[in-house]
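Enquirer: I am sharing protein35.cif, which consists of mmCIF, C-alpha atoms:
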data_my_file
#
loop_
_atom_site.group_PDB
_atom_site.id
_atom_site.type_symbol
_atom_site.label_atom_id
_atom_site.label_comp_id
_atom_site.auth_asym_id
_atom_site.auth_seq_id
_atom_site.Cartn_x
_atom_site.Cartn_y
_atom_site.Cartn_z
ATOM 1 C CA ASN H 1 8.806 24.649 -6.813
ATOM 2 C CA ASN H 2 7.569 23.045 -10.036
ATOM 3 C CA LYS H 3 10.894 22.823 -11.847
ATOM 4 C CA ILE H 4 12.825 19.640 -11.205
ATOM 5 C CA VAL H 5 16.524 19.323 -11.976
ATOM 6 C CA TYR H 6 18.562 16.165 -11.624
ATOM 7 C CA ALA H 7 22.030 16.634 -13.027
ATOM 8 C CA ALA H 8 23.741 13.354 -12.095
ATOM 9 C CA SER H 9 24.819 11.097 -14.932
ATOM 10 C CA SER H 10 22.891 8.062 -13.726
ATOM 11 C CA GLY H 11 20.373 6.914 -11.161
ATOM 12 C CA TRP H 12 16.768 7.809 -10.439
ATOM 13 C CA ARG H 13 15.291 10.450 -8.178
ATOM 14 C CA PRO H 14 11.565 10.896 -7.542
ATOM 15 C CA ALA H 15 9.395 13.924 -6.865
ATOM 16 C CA PHE H 16 5.916 13.658 -5.382
ATOM 17 C CA GLY H 17 2.931 15.986 -5.462
ATOM 18 C CA THR H 18 1.614 17.470 -2.236
ATOM 19 C CA PHE H 19 -2.138 17.372 -2.945
ATOM 20 C CA PRO H 20 -3.414 13.819 -2.345
ATOM 21 C CA VAL H 21 -6.757 12.928 -3.956
ATOM 22 C CA SER H 22 -9.083 9.960 -3.513
ATOM 23 C CA GLU H 23 -12.039 10.902 -5.725
ATOM 24 C CA GLY H 24 -12.844 13.010 -8.767
ATOM 25 C CA LYS H 25 -11.024 13.645 -12.045
ATOM 26 C CA TRP H 26 -7.651 15.406 -12.204
ATOM 27 C CA TYR H 27 -5.207 16.687 -14.808
ATOM 28 C CA PHE H 28 -1.592 17.854 -14.856
ATOM 29 C CA GLU H 29 1.181 18.359 -17.422
ATOM 30 C CA VAL H 30 4.934 17.756 -17.428
ATOM 31 C CA LYS H 31 7.338 19.188 -19.990
ATOM 32 C CA GLY H 32 10.748 17.619 -20.464
ATOM 33 C CA LEU H 33 13.419 20.322 -20.746
ATOM 34 C CA LEU H 34 16.738 18.482 -20.970
ATOM 35 C CA PHE H 35 17.502 14.859 -21.880
ATOM 36 C CA PRO H 36 21.307 14.809 -22.163
ATOM 37 C CA GLY H 37 22.917 11.516 -23.171
ATOM 38 C CA THR H 38 21.256 8.555 -21.500
ATOM 39 C CA SER H 39 18.200 10.071 -19.852
ATOM 40 C CA TYR H 40 14.807 8.770 -18.781
ATOM 41 C CA MET H 41 11.618 10.010 -17.168
ATOM 42 C CA GLN H 42 8.519 8.478 -15.596
ATOM 43 C CA ILE H 43 5.301 10.456 -15.092
ATOM 44 C CA GLY H 44 2.114 9.345 -13.374
ATOM 45 C CA TRP H 45 0.464 8.772 -10.019
ATOM 46 C CA VAL H 46 1.380 6.706 -6.961
ATOM 47 C CA SER H 47 -0.557 5.766 -3.852
ATOM 48 C CA LEU H 48 0.195 7.304 -0.478
ATOM 49 C CA GLU H 49 1.121 3.789 0.655
ATOM 50 C CA TYR H 50 3.826 3.792 -2.004
ATOM 51 C CA THR H 51 5.336 7.008 -0.665
ATOM 52 C CA GLY H 52 5.232 5.881 2.958
ATOM 53 C CA ASN H 53 6.296 2.247 3.028
ATOM 54 C CA GLY H 54 10.021 2.665 2.405
ATOM 55 C CA ASN H 55 9.947 1.185 -1.077
ATOM 56 C CA SER H 56 13.252 0.655 -2.851
ATOM 57 C CA ALA H 57 11.826 2.636 -5.749
ATOM 58 C CA LEU H 58 11.704 5.770 -3.601
ATOM 59 C CA THR H 59 15.278 6.123 -4.846
ATOM 60 C CA ASP H 60 14.803 4.246 -8.109
ATOM 61 C CA GLU H 61 12.397 3.831 -11.009
ATOM 62 C CA ILE H 62 8.940 2.337 -10.715
ATOM 63 C CA SER H 63 9.417 -1.164 -12.005
ATOM 64 C CA GLY H 64 8.354 -3.552 -9.307
ATOM 65 C CA TRP H 65 11.327 -4.220 -7.028
ATOM 66 C CA GLY H 66 9.079 -6.563 -5.095
ATOM 67 C CA ASN H 67 6.742 -3.728 -4.116
ATOM 68 C CA THR H 68 2.976 -4.074 -4.343
ATOM 69 C CA ASP H 69 1.906 -0.586 -3.273
ATOM 70 C CA PRO H 70 -0.061 0.834 -6.221
ATOM 71 C CA ALA H 71 1.740 3.033 -8.757
ATOM 72 C CA VAL H 72 1.202 3.773 -12.472
ATOM 73 C CA VAL H 73 3.634 5.747 -14.670
ATOM 74 C CA TYR H 74 4.261 6.511 -18.345
ATOM 75 C CA ASP H 75 7.920 5.818 -19.189
ATOM 76 C CA SER H 76 9.853 7.934 -21.706
ATOM 77 C CA ARG H 77 11.989 5.104 -23.107
ATOM 78 C CA ALA H 78 9.415 3.261 -25.214
ATOM 79 C CA GLY H 79 6.174 4.868 -24.160
ATOM 80 C CA ASN H 80 5.261 1.896 -21.994
ATOM 81 C CA ILE H 81 3.287 2.018 -18.764
ATOM 82 C CA TYR H 82 4.999 0.642 -15.685
ATOM 83 C CA TYR H 83 2.659 -0.297 -12.885
ATOM 84 C CA GLN H 84 2.399 -1.966 -9.501
ATOM 85 C CA PHE H 85 -0.776 -3.372 -8.001
ATOM 86 C CA VAL H 86 -1.463 -5.081 -4.704
ATOM 87 C CA THR H 87 -1.563 -8.443 -6.484
ATOM 88 C CA SER H 88 1.092 -7.878 -9.137
ATOM 89 C CA ASN H 89 4.400 -6.045 -9.501
ATOM 90 C CA SER H 90 7.286 -5.430 -11.910
ATOM 91 C CA ASN H 91 4.980 -5.086 -14.885
ATOM 92 C CA ASP H 92 5.041 -2.971 -18.003
ATOM 93 C CA THR H 93 2.732 -2.799 -20.956
ATOM 94 C CA SER H 94 2.885 -1.178 -24.382
ATOM 95 C CA TYR H 95 0.792 1.992 -24.451
ATOM 96 C CA GLY H 96 2.157 4.907 -26.493
ATOM 97 C CA ASP H 97 5.358 6.427 -27.843
ATOM 98 C CA SER H 98 8.690 7.440 -26.404
ATOM 99 C CA TYR H 99 9.061 11.101 -25.474
ATOM 100 C CA THR H 100 11.925 13.515 -24.961
ATOM 101 C CA ALA H 101 12.847 17.174 -24.428
ATOM 102 C CA GLY H 102 10.157 19.591 -25.580
ATOM 103 C CA ASP H 103 7.317 17.076 -25.358
ATOM 104 C CA ILE H 104 4.447 17.822 -22.992
ATOM 105 C CA ILE H 105 2.910 14.825 -21.263
ATOM 106 C CA GLY H 106 -0.662 15.268 -20.062
ATOM 107 C CA VAL H 107 -1.978 12.982 -17.337
ATOM 108 C CA ALA H 108 -5.707 12.517 -16.705
ATOM 109 C CA LEU H 109 -6.665 10.547 -13.593
ATOM 110 C CA ASP H 110 -10.295 9.400 -13.306
ATOM 111 C CA LEU H 111 -10.897 8.191 -9.761
ATOM 112 C CA ASP H 112 -14.650 7.932 -10.358
ATOM 113 C CA ASN H 113 -14.014 5.075 -12.800
ATOM 114 C CA ASN H 114 -10.495 4.010 -11.696
ATOM 115 C CA ASN H 115 -8.717 4.792 -14.953
ATOM 116 C CA ILE H 116 -5.659 6.774 -16.018
ATOM 117 C CA TYR H 117 -4.834 8.276 -19.419
ATOM 118 C CA PHE H 118 -1.653 9.748 -20.892
ATOM 119 C CA ALA H 119 -1.236 12.219 -23.761
ATOM 120 C CA GLU H 120 1.837 13.404 -25.658
ATOM 121 C CA ASP H 121 1.453 16.930 -27.042
ATOM 122 C CA ASN H 122 -2.330 16.686 -26.696
ATOM 123 C CA THR H 123 -2.657 13.320 -28.458
ATOM 124 C CA TRP H 124 -4.137 10.751 -26.081
ATOM 125 C CA LYS H 125 -2.239 7.498 -26.368
ATOM 126 C CA ASN H 126 -3.732 4.083 -27.021
ATOM 127 C CA SER H 127 -6.626 5.951 -28.724
ATOM 128 C CA GLY H 128 -7.626 7.093 -25.267
ATOM 129 C CA ASP H 129 -10.714 9.137 -24.459
ATOM 130 C CA PRO H 130 -10.643 10.510 -20.897
ATOM 131 C CA THR H 131 -14.284 11.601 -21.250
ATOM 132 C CA SER H 132 -15.530 8.067 -21.953
ATOM 133 C CA GLY H 133 -16.432 7.518 -18.291
ATOM 134 C CA ALA H 134 -17.098 3.959 -17.229
ATOM 135 C CA THR H 135 -16.265 2.718 -20.741
ATOM 136 C CA GLY H 136 -12.614 3.662 -20.131
ATOM 137 C CA THR H 137 -11.704 3.886 -23.816
ATOM 138 C CA GLY H 138 -7.928 3.546 -24.169
ATOM 139 C CA ALA H 139 -7.389 3.788 -20.421
ATOM 140 C CA HIS H 140 -5.080 1.896 -18.126
ATOM 141 C CA SER H 141 -7.016 0.726 -15.082
ATOM 142 C CA ILE H 142 -5.963 1.431 -11.493
ATOM 143 C CA VAL H 143 -7.028 -0.234 -8.261
ATOM 144 C CA SER H 144 -9.781 1.407 -6.232
ATOM 145 C CA GLY H 145 -9.782 2.447 -2.596
ATOM 146 C CA TYR H 146 -6.476 4.339 -2.542
ATOM 147 C CA THR H 147 -5.399 7.953 -2.207
ATOM 148 C CA TRP H 148 -3.043 9.158 -4.941
ATOM 149 C CA VAL H 149 -0.394 11.841 -5.498
ATOM 150 C CA PRO H 150 1.350 12.927 -8.726
ATOM 151 C CA PHE H 151 4.749 11.348 -9.384
ATOM 152 C CA ILE H 152 7.682 12.400 -11.559
ATOM 153 C CA GLY H 153 10.805 10.239 -11.684
ATOM 154 C CA LEU H 154 13.993 11.592 -13.255
ATOM 155 C CA ASN H 155 17.163 9.939 -14.479
ATOM 156 C CA ASN H 156 19.606 12.597 -15.737
ATOM 157 C CA THR H 157 16.798 14.884 -16.919
ATOM 158 C CA THR H 158 15.252 18.268 -16.173
ATOM 159 C CA ALA H 159 11.520 18.897 -16.295
ATOM 160 C CA GLU H 160 8.823 21.308 -15.227
ATOM 161 C CA ALA H 161 5.344 20.405 -14.045
ATOM 162 C CA THR H 162 2.088 22.323 -14.281
ATOM 163 C CA PHE H 163 -0.532 21.421 -11.702
ATOM 164 C CA ALA H 164 -2.326 24.783 -11.804
ATOM 165 C CA SER H 165 0.257 27.506 -12.528
ATOM 166 C CA PRO H 166 3.215 26.897 -14.871
ATOM 167 C CA VAL H 167 6.855 27.609 -14.128
ATOM 168 C CA GLN H 168 7.233 29.437 -17.420
ATOM 169 C CA ALA H 169 4.769 31.156 -19.727
ATOM 170 C CA ASN H 170 2.952 28.876 -22.154
ATOM 171 C CA THR H 171 1.232 29.685 -25.419
ATOM 172 C CA SER H 172 -2.404 29.078 -24.487
ATOM 173 C CA ASP H 173 -3.101 29.399 -20.724
ATOM 174 C CA ALA H 174 -5.833 26.773 -21.093
ATOM 175 C CA THR H 175 -8.026 26.339 -18.003
ATOM 176 C CA ASP H 176 -10.204 23.619 -16.525
ATOM 177 C CA GLY H 177 -14.014 23.758 -16.243
ATOM 178 C CA ASN H 178 -13.729 25.934 -13.139
ATOM 179 C CA SER H 179 -11.560 28.446 -15.055
ATOM 180 C CA ARG H 180 -8.524 27.423 -13.030
ATOM 181 C CA GLY H 181 -5.083 26.417 -14.171
ATOM 182 C CA GLN H 182 -2.734 27.630 -16.878
ATOM 183 C CA PHE H 183 -2.021 24.661 -19.116
ATOM 184 C CA GLU H 184 -0.503 24.314 -22.546
ATOM 185 C CA PHE H 185 -3.418 22.080 -23.554
ATOM 186 C CA ALA H 186 -6.982 22.199 -22.299
ATOM 187 C CA PRO H 187 -7.825 19.529 -19.712
ATOM 188 C CA PRO H 188 -10.451 17.036 -20.854
ATOM 189 C CA SER H 189 -14.002 17.997 -19.938
ATOM 190 C CA GLY H 190 -14.681 17.258 -16.274
ATOM 191 C CA TYR H 191 -11.021 17.095 -15.243
ATOM 192 C CA LEU H 192 -9.666 19.697 -12.831
ATOM 193 C CA ALA H 193 -6.362 21.331 -12.033
ATOM 194 C CA ILE H 194 -4.783 20.097 -8.817
ATOM 195 C CA CYS H 195 -4.933 23.179 -6.610
ATOM 196 C CA SER H 196 -6.317 24.197 -3.230
ATOM 197 C CA LYS H 197 -9.443 25.851 -4.667
ATOM 198 C CA ASN H 198 -10.387 22.695 -6.542
ATOM 199 C CA THR H 199 -9.571 20.256 -3.729
ATOM 200 C CA ALA H 200 -11.305 22.223 -0.963
#
If you convert what's in this file into structure tokens, what do you get?

Expert:
Amino acid sequence: NNKIVYAASSGWRPAFGTFPVSEGKWYFEVKGLLFPGTSYMQIGWVSLEYTGNGNSALTDEISGWGNTDPAVVYDSRAGNIYYQFVTSNSNDTSYGDSYTAGDIIGVALDLDNNNIYFAEDNTWKNSGDPTSGATGTGAHSIVSGYTWVPFIGLNNTTAEATFASPVQANTSDATDGNSRGQFEFAPPSGYLAICSKNTA
């Protein structure tokens, strides 16, 4: 259930994680498999309010649409972050680089300090340091007081996600600090795989 295929030539379709979290530090990876023609992807986290309030973007990309339910994603087109906050919507900001098929995007969510970080092939963007704690070096801030789930938005792409176990074999089987997960790249220190044993 971790491989996502959207074969239509245009339009967005979202997929949401099923393990909501409201505290702690969490890590997952997404690998783009196919980007035929005009293709885009958004990877990040959204609030439960976002998934439940009938937002237009439930069938479209995260880019405002008048919504203010919190959401933060890393967009493949220019490597920008698109985000929605309760006081601001339809925003994007320069953060990293564009990505495409074969690239692995790592996402580190720090709910202890309300920051999110994105990596491309194990290089943290914006000179980010997910282990910097309250300093938030290179992070994009998120609003506090919400419960979050992973988000992957596809437009004519195919991808696979690794939350704890991968769809396909990887080259390293890197684990978190609890020796859980099978990632291509090691999660930052203190960040955990999103699985039932870690969220119990």

Enquirer: Using only C-alpha atoms, which of the listed residues (H:Phe35, H:Phe28, H:Trp124, H:Phe151) sits closest to Arg13 (chain H)?

Expert: H:Phe151

Enquirer: Might you spell out which residues the PyMOL selection byres ((chain H and resi 161) around 6) would select in the displayed file, as a list in words?

Expert: Asn2, Glu29, Val30, Glu160 and Thr162 of chain H

Enquirer: Just the number, please: distance in Å from CA of Leu34 (chain H) to CA of Ala159 (chain H), one decimal.

Expert: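 Taking CA of Leu34 (chain H) as the start and CA of Ala159 (chain H) as the end point, the length is 7.0 Å.
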
Enquirer: Do a neighbour search on Ile194 (chain H) at 10 Å with only C-alpha atoms, toss out local chain neighbours closer than 3 positions, and write the hits as a PyMOL selection string.

Expert: chain H and resi 17-21+25-28+149-150+162-165+180-181+191+197-199

Enquirer: With the PyMOL selection byres ((chain H and resi 31) around 12) as the selection, what would be picked from this file? Answer as a PDB file with C-alpha atoms, in the coordinates of the input, please.

Expert:
ATOM      1  CA  ASN H   2       7.569  23.045 -10.036  1.00  0.00           C
ATOM      2  CA  LYS H   3      10.894  22.823 -11.847  1.00  0.00           C
ATOM      3  CA  ILE H   4      12.825  19.640 -11.205  1.00  0.00           C
ATOM      4  CA  PHE H  28      -1.592  17.854 -14.856  1.00  0.00           C
ATOM      5  CA  GLU H  29       1.181  18.359 -17.422  1.00  0.00           C
ATOM      6  CA  VAL H  30       4.934  17.756 -17.428  1.00  0.00           C
ATOM      7  CA  GLY H  32      10.748  17.619 -20.464  1.00  0.00           C
ATOM      8  CA  LEU H  33      13.419  20.322 -20.746  1.00  0.00           C
ATOM      9  CA  LEU H  34      16.738  18.482 -20.970  1.00  0.00           C
ATOM     10  CA  PHE H  35      17.502  14.859 -21.880  1.00  0.00           C
ATOM     11  CA  MET H  41      11.618  10.010 -17.168  1.00  0.00           C
ATOM     12  CA  GLN H  42       8.519   8.478 -15.596  1.00  0.00           C
ATOM     13  CA  ILE H  43       5.301  10.456 -15.092  1.00  0.00           C
ATOM     14  CA  SER H  76       9.853   7.934 -21.706  1.00  0.00           C
ATOM     15  CA  TYR H  99       9.061  11.101 -25.474  1.00  0.00           C
ATOM     16  CA  THR H 100      11.925  13.515 -24.961  1.00  0.00           C
ATOM     17  CA  ALA H 101      12.847  17.174 -24.428  1.00  0.00           C
ATOM     18  CA  GLY H 102      10.157  19.591 -25.580  1.00  0.00           C
ATOM     19  CA  ASP H 103       7.317  17.076 -25.358  1.00  0.00           C
ATOM     20  CA  ILE H 104       4.447  17.822 -22.992  1.00  0.00           C
ATOM     21  CA  ILE H 105       2.910  14.825 -21.263  1.00  0.00           C
ATOM     22  CA  GLY H 106      -0.662  15.268 -20.062  1.00  0.00           C
ATOM     23  CA  VAL H 107      -1.978  12.982 -17.337  1.00  0.00           C
ATOM     24  CA  ALA H 119      -1.236  12.219 -23.761  1.00  0.00           C
ATOM     25  CA  GLU H 120       1.837  13.404 -25.658  1.00  0.00           C
ATOM     26  CA  ASP H 121       1.453  16.930 -27.042  1.00  0.00           C
ATOM     27  CA  ILE H 152       7.682  12.400 -11.559  1.00  0.00           C
ATOM     28  CA  THR H 157      16.798  14.884 -16.919  1.00  0.00           C
ATOM     29  CA  THR H 158      15.252  18.268 -16.173  1.00  0.00           C
ATOM     30  CA  ALA H 159      11.520  18.897 -16.295  1.00  0.00           C
ATOM     31  CA  GLU H 160       8.823  21.308 -15.227  1.00  0.00           C
ATOM     32  CA  ALA H 161       5.344  20.405 -14.045  1.00  0.00           C
ATOM     33  CA  THR H 162       2.088  22.323 -14.281  1.00  0.00           C
ATOM     34  CA  PHE H 163      -0.532  21.421 -11.702  1.00  0.00           C
ATOM     35  CA  PRO H 166       3.215  26.897 -14.871  1.00  0.00           C
ATOM     36  CA  VAL H 167       6.855  27.609 -14.128  1.00  0.00           C
ATOM     37  CA  GLN H 168       7.233  29.437 -17.420  1.00  0.00           C
ATOM     38  CA  ASN H 170       2.952  28.876 -22.154  1.00  0.00           C
ATOM     39  CA  PHE H 183      -2.021  24.661 -19.116  1.00  0.00           C
ATOM     40  CA  GLU H 184      -0.503  24.314 -22.546  1.00  0.00           C
ATOM     41  CA  PHE H 185      -3.418  22.080 -23.554  1.00  0.00           C
TER      42      PHE H 185
END

Enquirer: Report the residues retrieved by the PyMOL selection byres ((chain H and resi 115) around 7) from the displayed file, expressed as a CSV table (one decimal) with C-alpha atoms, keeping the file's coordinate frame.

Expert:
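Now in result_38.csv:
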chain,number,residue,atom,x,y,z
H,109,LEU,CA,-6.7,10.5,-13.6
H,110,ASP,CA,-10.3,9.4,-13.3
H,111,LEU,CA,-10.9,8.2,-9.8
H,113,ASN,CA,-14.0,5.1,-12.8
H,114,ASN,CA,-10.5,4.0,-11.7
H,116,ILE,CA,-5.7,6.8,-16.0
H,117,TYR,CA,-4.8,8.3,-19.4
H,136,GLY,CA,-12.6,3.7,-20.1
H,139,ALA,CA,-7.4,3.8,-20.4
H,140,HIS,CA,-5.1,1.9,-18.1
H,141,SER,CA,-7.0,0.7,-15.1
H,142,ILE,CA,-6.0,1.4,-11.5

Enquirer: Give me, please, the distance in Å between CA of Ser94 (chain H) and CA of Pro14 (chain H), quoted to one decimal.

Expert: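 Between these atoms lies a distance of 22.5 Å.
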
Enquirer: Any idea what the distance is between CA of Glu49 (chain H) and CA of Asn156 (chain H)?

Expert: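 Interatomic distance, CA of Glu49 (chain H) to CA of Asn156 (chain H): 26.2 Å.
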
Enquirer: Kindly indicate which residue among H:Gly37, H:Gly11, H:Gly128, H:Gly79 lies nearest to Asp92 (chain H), using only C-alpha atoms for the distances.

Expert: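 The answer is H:Gly79, which sits nearest to Asp92 (chain H).
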
Enquirer: May I ask which of the residues H:Ile62, H:Ala169, H:Ala134, H:Ile81 is the closest one to Leu154 (chain H), counting all atoms listed in the file?

Expert: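 Distance minimum relative to Leu154 (chain H) lands on H:Ile62.
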
Enquirer: Go through H:Asn122, H:Asp176, H:Asp112, H:Thr147 and flag the residue nearest Thr135 (chain H), using only C-alpha atoms for the distances.

Expert: H:Asp112

Enquirer: Give the answer as one residue: which of H:Ala200, H:Asp75, H:Gly190, H:Ser179 has the shortest atom-to-atom distance to Ser132 (chain H), using only C-alpha atoms?

Expert: H:Gly190

Enquirer: Set the distance at 7 Å and use all atoms listed in the file: which residues neighbour Lys125 (chain H) once local chain neighbours fewer than 4 positions away are removed? I'd like the list as a VMD selection string.

Expert: chain H and resid 95 to 96 118 to 119

Enquirer: What would the file look like if the residues just selected were written as a PDB file, in the coordinates of the input with C-alpha atoms?

Expert:
ATOM      1  CA  TYR H  95       0.792   1.992 -24.451  1.00  0.00           C
ATOM      2  CA  GLY H  96       2.157   4.907 -26.493  1.00  0.00           C
ATOM      3  CA  PHE H 118      -1.653   9.748 -20.892  1.00  0.00           C
ATOM      4  CA  ALA H 119      -1.236  12.219 -23.761  1.00  0.00           C
TER       5      ALA H 119
END

Enquirer: Which centre and which edge lengths, in Å to one decimal, describe the axis-aligned box that holds all listed atoms of region 116-130 of chain H after 6 Å is added on each side, as lines of an AutoDock Vina configuration file?

Expert:
center_x = -4.4
center_y = 10.5
center_z = -22.4
size_x = 24.6
size_y = 24.8
size_z = 24.7

Enquirer: Go through H:Asp69, H:Asp97, H:Asp129, H:Asp173 and flag the residue nearest Val143 (chain H), using only C-alpha atoms for the distances.

Expert: H:Asp69
